[in-house]
Each structure stands twice: as structure tokens, then as C-alpha cells.
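For reference, the structure discussed in these notes is given below.
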Amino acid sequence: RLQIVLASRPEGRPAPANFRVERAAMPTPSEGEVLLKILYLSLDPYMRGRMSAAKSYAAPTEIGAVMEGGTVAEVLESRHPNFAAGDLVLSHSGWQSHVLAKGEQLRKLDPAAAPVTTALGVLGMPGFTAYAGLLTIGQPKTEETVVVAAASGPVGSAVGQIAKIKGARAVGIAGGPEKCALVRDTFGFDAVIDHRAPDFAAQLAAACPEGIDVYFENVGGKVWDAVFPLLNTFARIPVCGLVAQYNATGDFEGPDRLPVLMRQVLSKSLLIRGFIQREFIAQRPDFEREMAAWIASGAVHYKEDIVEGLESAPEAFIGLLEGGNFGKLIVKL
Ligand code: NDP
């Protein structure tokens, strides 16, 4: 079996040399275990955090350990009463071709109900992140303006579409004309702005004539700078991710903006609230029911970007942090 392990910790942008492909013997399951063949591996921005030794909400991946990740797998051999060979399951098995798993850690997938890859995207962790963060913290109301960046990705696209379902105006930010067209035409956002445009901040202001009531923060950096002056009194800011700075090294450039930020937090009664999706796990059944219905009714669309072969995972992942993906990034093994 093939495994991709963390060879070294990156300084700034990860490089292919930070990963190593290894071969290992095929294991055999003990009582209560199943042998899985991984079919699909999800690549997600949080993996950059696991590559770093910096203190975070989850422990780093050890050097030499298999890279972590959500997977869809087929049961090859089962010694657990609830699973049989041929079953398809959702597991957290990481960057490898085969693995032993305990039955309790698996969830059976029904390929007749939805394409199994959606369990890694719109019906999985990223879709749930959008749902829980937007509805619990963002609380969009009719006619309000909701802004989200990385709007062609699995989190951002779900944020905008759920905002629309709740009667709000959705303004997306994405990189490049192709992604912007998808956000506007397929995901149905009311407006979309290319963050690479030289007059990006002015375009965002023009797209938000009533200001911004909910900013779902996925990226930070210059997008936050453009959003900040447009925030309305009582704006809500679920802080979900800061992908623009995941590859940053050392101190950030520029003046100390904290006093200005704090003044606005006070004078505009801003709510800035970070979250990790797992804290809202009690909402997961509601999410699965509602999201499945929204997809079935055509209220929510999704796009997947599927690359072939486990060996392509490092390069695809490096690209993900810079917008190289076009939709939910998944590796097909
Ligand atoms: P995406 O598939 O959307 O990929 C990340 C995207 O970020 C890129 O495609 C790129 O899109 C955009 N991006 C990268 N750098 C910049 C930049 N400098 N400025 C603007 N945009 C940039 O990822 P996900 O949907 O999986 O994740 C979105 C965010 O949600 C991430 O920050 C992630 O860490 C976070 N997250 C948080 C969770 C939580 O529990 N808090 C759980 C899951 C995700 P483009 O080309 O359009 O710029």
C-alpha cells in the first residue's frame, strides 16, 4: 500500500519535498476492524496547520506520520458486524491507499442517495462549516448583505447559497473570471468581484451600496481590508479561516491596526467570533437533512475539482492554498 507522509515542516509555502511517498505492507484486520481501500481523499486548507509545529486547535502531524484527511473508502475485508465487503464508508484515513479502521469510526454511505464524493464537500465537513458558521454566528436576515470570499470553494459557495435561501443578498469574492462566472451564474450570487482586480476595494464598495451586515471570513489579508470600512453597525463576522496567511512566515507587515479595529468593534457594536466547525456538531443532523433537501430542490449547487492519483495530492494541496483549485478539491485514488 502507498502512503504519503510528512517529510519535513514547510517554511512558508509548502514544497513537494515536504512530502514523501512510502510503501508499507498490507495489514490484516483484527476483531472489530475493517480493511479499507481508499477511493477519494479530501484536500482541505486546515492541513497546512497540521504541517506546522505552531500551537493550534489540533495537534500537528508528526514528522514521518501519514498526512491526515477525510476519505471515502470501500470495505475490502470486515471483522466488524456492521460492515461487509463492498460497503462504502466515510472515514478519516488520511493520505494513503489502504488502512485498517475500527468499525465505530466509520459511517456507511448510500451511493443511491448522493454521489459519495459529496460526503467530503457540500454534504460533508465544508458544507457543514458554512451552515453552522453562517446560521449560528452570521444570522443573516432578509434584505441584509452577506459577503464571502473563496466563493467558488465548498465553504464559500455554500455560505452564499444559504444566505440567499434566508432572503439575504449574497456578494462573492473569487480569483479570476472563470471562478467569478461560476459564482454568479451557477451559484446565483447577486454580485461577484475578482479580488485580483486593481480596483477591487472600489468594486466591492459599489456592490455593497447598503454596507455589509455579515462578513463570513475565509481569507483575511487584503479582502478583510476592503470589507472592514463597509461593515454596518451590528455586523456579524464569523471567522472561519484565514487562508491568505496560512503560508505566512514571521511577523506581518504594516502598521499596528488593532487600535482602529477595536474602535470600530466598539462604535459599531461588531460581533467578531471565531469557530471550529466541530463545536457545532449537535447541528449536524439538521444540516444533513436541510442540505440534502436544498440540493434536491436546486436551491444549492456544488462544484468538485477531482484530481487523479494519490501521488498528485502534494501538488494539488500546495495549489489549493493559492487558488489553484476550482471547486471542492478531491483526489481520486
Ligand atoms: P477553497 O476550496 O475555497 O480553497 C481556498 C481558496 O482560498 C482558494 O481556492 C482561493 O480562491 C482562496 N484564496 C487563497 N488565497 C487567497 C488570497 N490571498 N486572497 C483571497 N482568496 C484567497 O477552501 P474551503 O472552502 O475548503 O475553505 C475555505 C476557508 O474555510 C479556509 O480558510 C478554510 O481554512 C476554512 N475552513 C474552516 C473550518 C472551520 O471549522 N473553521 C472548516 C473548513 C474550512 P480564489 O482563487 O477564489 O482566490
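Chain labels run A, B, ... following the order of the C-alpha cells; each chain numbers its residues from 1, and ligands are numbered from 1 in the order shown.
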
_Around ligand 1, out to 7 Å and counting only C-alpha atoms and all ligand atoms, which residues are there? I want them as number ranges by chain._
A: 44-46, 125-126, 129, 149-156, 173-176, 179, 195, 218-219, 221-223, 240-244, 275-278, 320-329

*Neighbour list for A:Leu270 as an MDAnalysis selection string, cut-off 9 Å, only C-alpha atoms, skip fewer than 3 positions in-chain*: chainID A and resid 231:237 264:267

Keeping only C-alpha atoms, write those residues as a JSON list (two decimals), in the first residue's frame.
[["chain", "number", "residue", "atom", "x", "y", "z"],
["A", 231, "LEU", "CA", -19.23, 46.95, 7.87],
["A", 232, "ASN", "CA", -22.58, 48.16, 9.20],
["A", 233, "THR", "CA", -23.49, 48.71, 12.84],
["A", 234, "PHE", "CA", -24.29, 45.33, 14.41],
["A", 235, "ALA", "CA", -22.45, 43.45, 11.62],
["A", 236, "ARG", "CA", -21.61, 39.81, 12.41],
["A", 237, "ILE", "CA", -18.28, 38.31, 11.36],
["A", 264, "GLN", "CA", -14.83, 50.06, 15.25],
["A", 265, "VAL", "CA", -15.75, 46.94, 17.25],
["A", 266, "LEU", "CA", -16.90, 49.29, 19.99],
["A", 267, "SER", "CA", -18.51, 52.09, 17.99]]

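The residue that comes closest to A:Ala292, out of A:Gln203, A:Asn18, A:Ser8, A:Thr118 and on the basis of only C-alpha atoms, is A:Thr118.
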
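Pairwise distance (atom CA of A:Gln161, atom CA of A:His301) equals 8.1 Å.
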
*asked:* Give me, as a VMD selection string, the residues of stretch 21-170 of chain A that a backbone DSSP run labels alpha helix (DSSP H).
replied: chain A and resid 46 to 51 125 to 132 154 to 165

*Residues of stretch 66-288 of chain A in strand (DSSP E) according to DSSP, as number ranges by chain?*
A: 71-78, 88-91, 98-102, 107-108, 145-149, 169-174, 191-194, 212-216, 231-239, 271-274

Based on the selection just made, write C-alpha atoms of those residues as a PDB file, in the first residue's frame.
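out.pdb was written with the following content:
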ATOM      1  CA  THR A  71     -11.721   9.951   2.919  1.00  0.00           C
ATOM      2  CA  VAL A  72     -14.364   7.873   1.195  1.00  0.00           C
ATOM      3  CA  ALA A  73     -13.393   4.209   1.174  1.00  0.00           C
ATOM      4  CA  GLU A  74     -14.588   0.749   0.211  1.00  0.00           C
ATOM      5  CA  VAL A  75     -14.570  -2.101   2.726  1.00  0.00           C
ATOM      6  CA  LEU A  76     -12.316  -4.869   1.398  1.00  0.00           C
ATOM      7  CA  GLU A  77     -12.487  -7.157   4.420  1.00  0.00           C
ATOM      8  CA  SER A  78     -14.588  -6.837   7.563  1.00  0.00           C
ATOM      9  CA  LEU A  88     -18.770   2.391   1.056  1.00  0.00           C
ATOM     10  CA  VAL A  89     -17.863   4.428   4.122  1.00  0.00           C
ATOM     11  CA  LEU A  90     -16.801   7.887   5.242  1.00  0.00           C
ATOM     12  CA  SER A  91     -13.594   7.686   7.283  1.00  0.00           C
ATOM     13  CA  HIS A  98      -5.357   1.250   2.274  1.00  0.00           C
ATOM     14  CA  VAL A  99      -5.863   1.370   6.026  1.00  0.00           C
ATOM     15  CA  LEU A 100      -7.240  -0.555   8.982  1.00  0.00           C
ATOM     16  CA  ALA A 101     -10.088   1.182  10.774  1.00  0.00           C
ATOM     17  CA  LYS A 102     -12.265   0.442  13.772  1.00  0.00           C
ATOM     18  CA  ARG A 107     -20.073   5.883   8.692  1.00  0.00           C
ATOM     19  CA  LYS A 108     -21.816   3.958   5.921  1.00  0.00           C
ATOM     20  CA  THR A 145     -25.908  41.896   2.613  1.00  0.00           C
ATOM     21  CA  VAL A 146     -23.695  38.863   3.181  1.00  0.00           C
ATOM     22  CA  VAL A 147     -20.139  38.895   1.811  1.00  0.00           C
ATOM     23  CA  VAL A 148     -17.905  35.844   1.488  1.00  0.00           C
ATOM     24  CA  ALA A 149     -14.547  35.226  -0.213  1.00  0.00           C
ATOM     25  CA  ARG A 169     -28.156  39.426  -0.766  1.00  0.00           C
ATOM     26  CA  ALA A 170     -25.028  37.387  -1.426  1.00  0.00           C
ATOM     27  CA  VAL A 171     -21.853  39.075  -2.631  1.00  0.00           C
ATOM     28  CA  GLY A 172     -18.988  36.747  -3.500  1.00  0.00           C
ATOM     29  CA  ILE A 173     -15.273  37.341  -3.947  1.00  0.00           C
ATOM     30  CA  ALA A 174     -13.220  34.984  -6.100  1.00  0.00           C
ATOM     31  CA  ALA A 191     -22.745  40.089  -7.302  1.00  0.00           C
ATOM     32  CA  VAL A 192     -19.208  38.764  -7.537  1.00  0.00           C
ATOM     33  CA  ILE A 193     -15.880  40.582  -7.503  1.00  0.00           C
ATOM     34  CA  ASP A 194     -12.466  39.411  -8.620  1.00  0.00           C
ATOM     35  CA  ILE A 212     -22.150  44.752   4.855  1.00  0.00           C
ATOM     36  CA  ASP A 213     -24.223  43.050   7.562  1.00  0.00           C
ATOM     37  CA  VAL A 214     -22.479  39.656   7.581  1.00  0.00           C
ATOM     38  CA  TYR A 215     -18.895  39.063   6.514  1.00  0.00           C
ATOM     39  CA  PHE A 216     -18.054  35.367   6.559  1.00  0.00           C
ATOM     40  CA  LEU A 231     -19.235  46.952   7.872  1.00  0.00           C
ATOM     41  CA  ASN A 232     -22.578  48.164   9.205  1.00  0.00           C
ATOM     42  CA  THR A 233     -23.492  48.712  12.837  1.00  0.00           C
ATOM     43  CA  PHE A 234     -24.289  45.326  14.408  1.00  0.00           C
ATOM     44  CA  ALA A 235     -22.446  43.450  11.621  1.00  0.00           C
ATOM     45  CA  ARG A 236     -21.607  39.812  12.407  1.00  0.00           C
ATOM     46  CA  ILE A 237     -18.284  38.310  11.357  1.00  0.00           C
ATOM     47  CA  PRO A 238     -17.945  34.524  11.686  1.00  0.00           C
ATOM     48  CA  VAL A 239     -14.161  33.996  11.463  1.00  0.00           C
ATOM     49  CA  LEU A 271     -19.578  40.762  16.598  1.00  0.00           C
ATOM     50  CA  ILE A 272     -16.346  39.006  15.583  1.00  0.00           C
ATOM     51  CA  ARG A 273     -16.485  35.343  16.545  1.00  0.00           C
ATOM     52  CA  GLY A 274     -14.055  32.607  15.527  1.00  0.00           C
TER      53      GLY A 274
END

_Report, in Å to a single decimal, how far apart atom CA of A:Gly32 and atom CA of A:Asp87 are._
15.4 Å

*Just the residues within 8 Å of A:Leu230, please, counting only C-alpha atoms, with nothing from its chain fewer than 6 positions along; format it as JSON, numbers by chain.*
{"A": [205, 208, 211, 212]}

Using N, CA and C atoms, can you export the residues from the last selection as a PDB file, in the first residue's frame?
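The resulting file, out21.pdb, is reproduced below:
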ATOM      1  N   ALA A 205     -17.104  48.013  -2.728  1.00  0.00           N
ATOM      2  CA  ALA A 205     -17.954  49.075  -2.159  1.00  0.00           C
ATOM      3  C   ALA A 205     -19.173  49.321  -3.052  1.00  0.00           C
ATOM      4  N   CYS A 208     -21.857  46.772  -2.632  1.00  0.00           N
ATOM      5  CA  CYS A 208     -22.500  46.743  -1.314  1.00  0.00           C
ATOM      6  C   CYS A 208     -23.008  48.141  -0.960  1.00  0.00           C
ATOM      7  N   GLY A 211     -23.924  48.736   2.574  1.00  0.00           N
ATOM      8  CA  GLY A 211     -22.943  48.251   3.550  1.00  0.00           C
ATOM      9  C   GLY A 211     -23.007  46.734   3.688  1.00  0.00           C
ATOM     10  N   ILE A 212     -22.255  46.204   4.659  1.00  0.00           N
ATOM     11  CA  ILE A 212     -22.150  44.752   4.855  1.00  0.00           C
ATOM     12  C   ILE A 212     -22.687  44.401   6.245  1.00  0.00           C
TER      13      ILE A 212
END

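Considering only C-alpha atoms, the residue among A:Ala59, A:Ala15, A:Ala85, A:Met51 positioned nearest to A:Val34 is A:Ala85.
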
_Separation of atom CA of A:Tyr57 from atom CA of A:Glu304 in Å_ =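 It comes out at 27.4 Å.
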
*Looking at A:Val159, A:Ala202, A:Ala113, A:Met67, which one is nearest to A:Gly127, with distances taken over only C-alpha atoms?*
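For A:Gly127, the nearest of the given residues is A:Val159.
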
_Residues near A:Pro115, cut-off 12 Å, only C-alpha atoms, skip fewer than 5 positions along chain, as a VMD selection string_ = chain A and resid 40 72 88 109 to 110 120 to 124 292 295 302 304
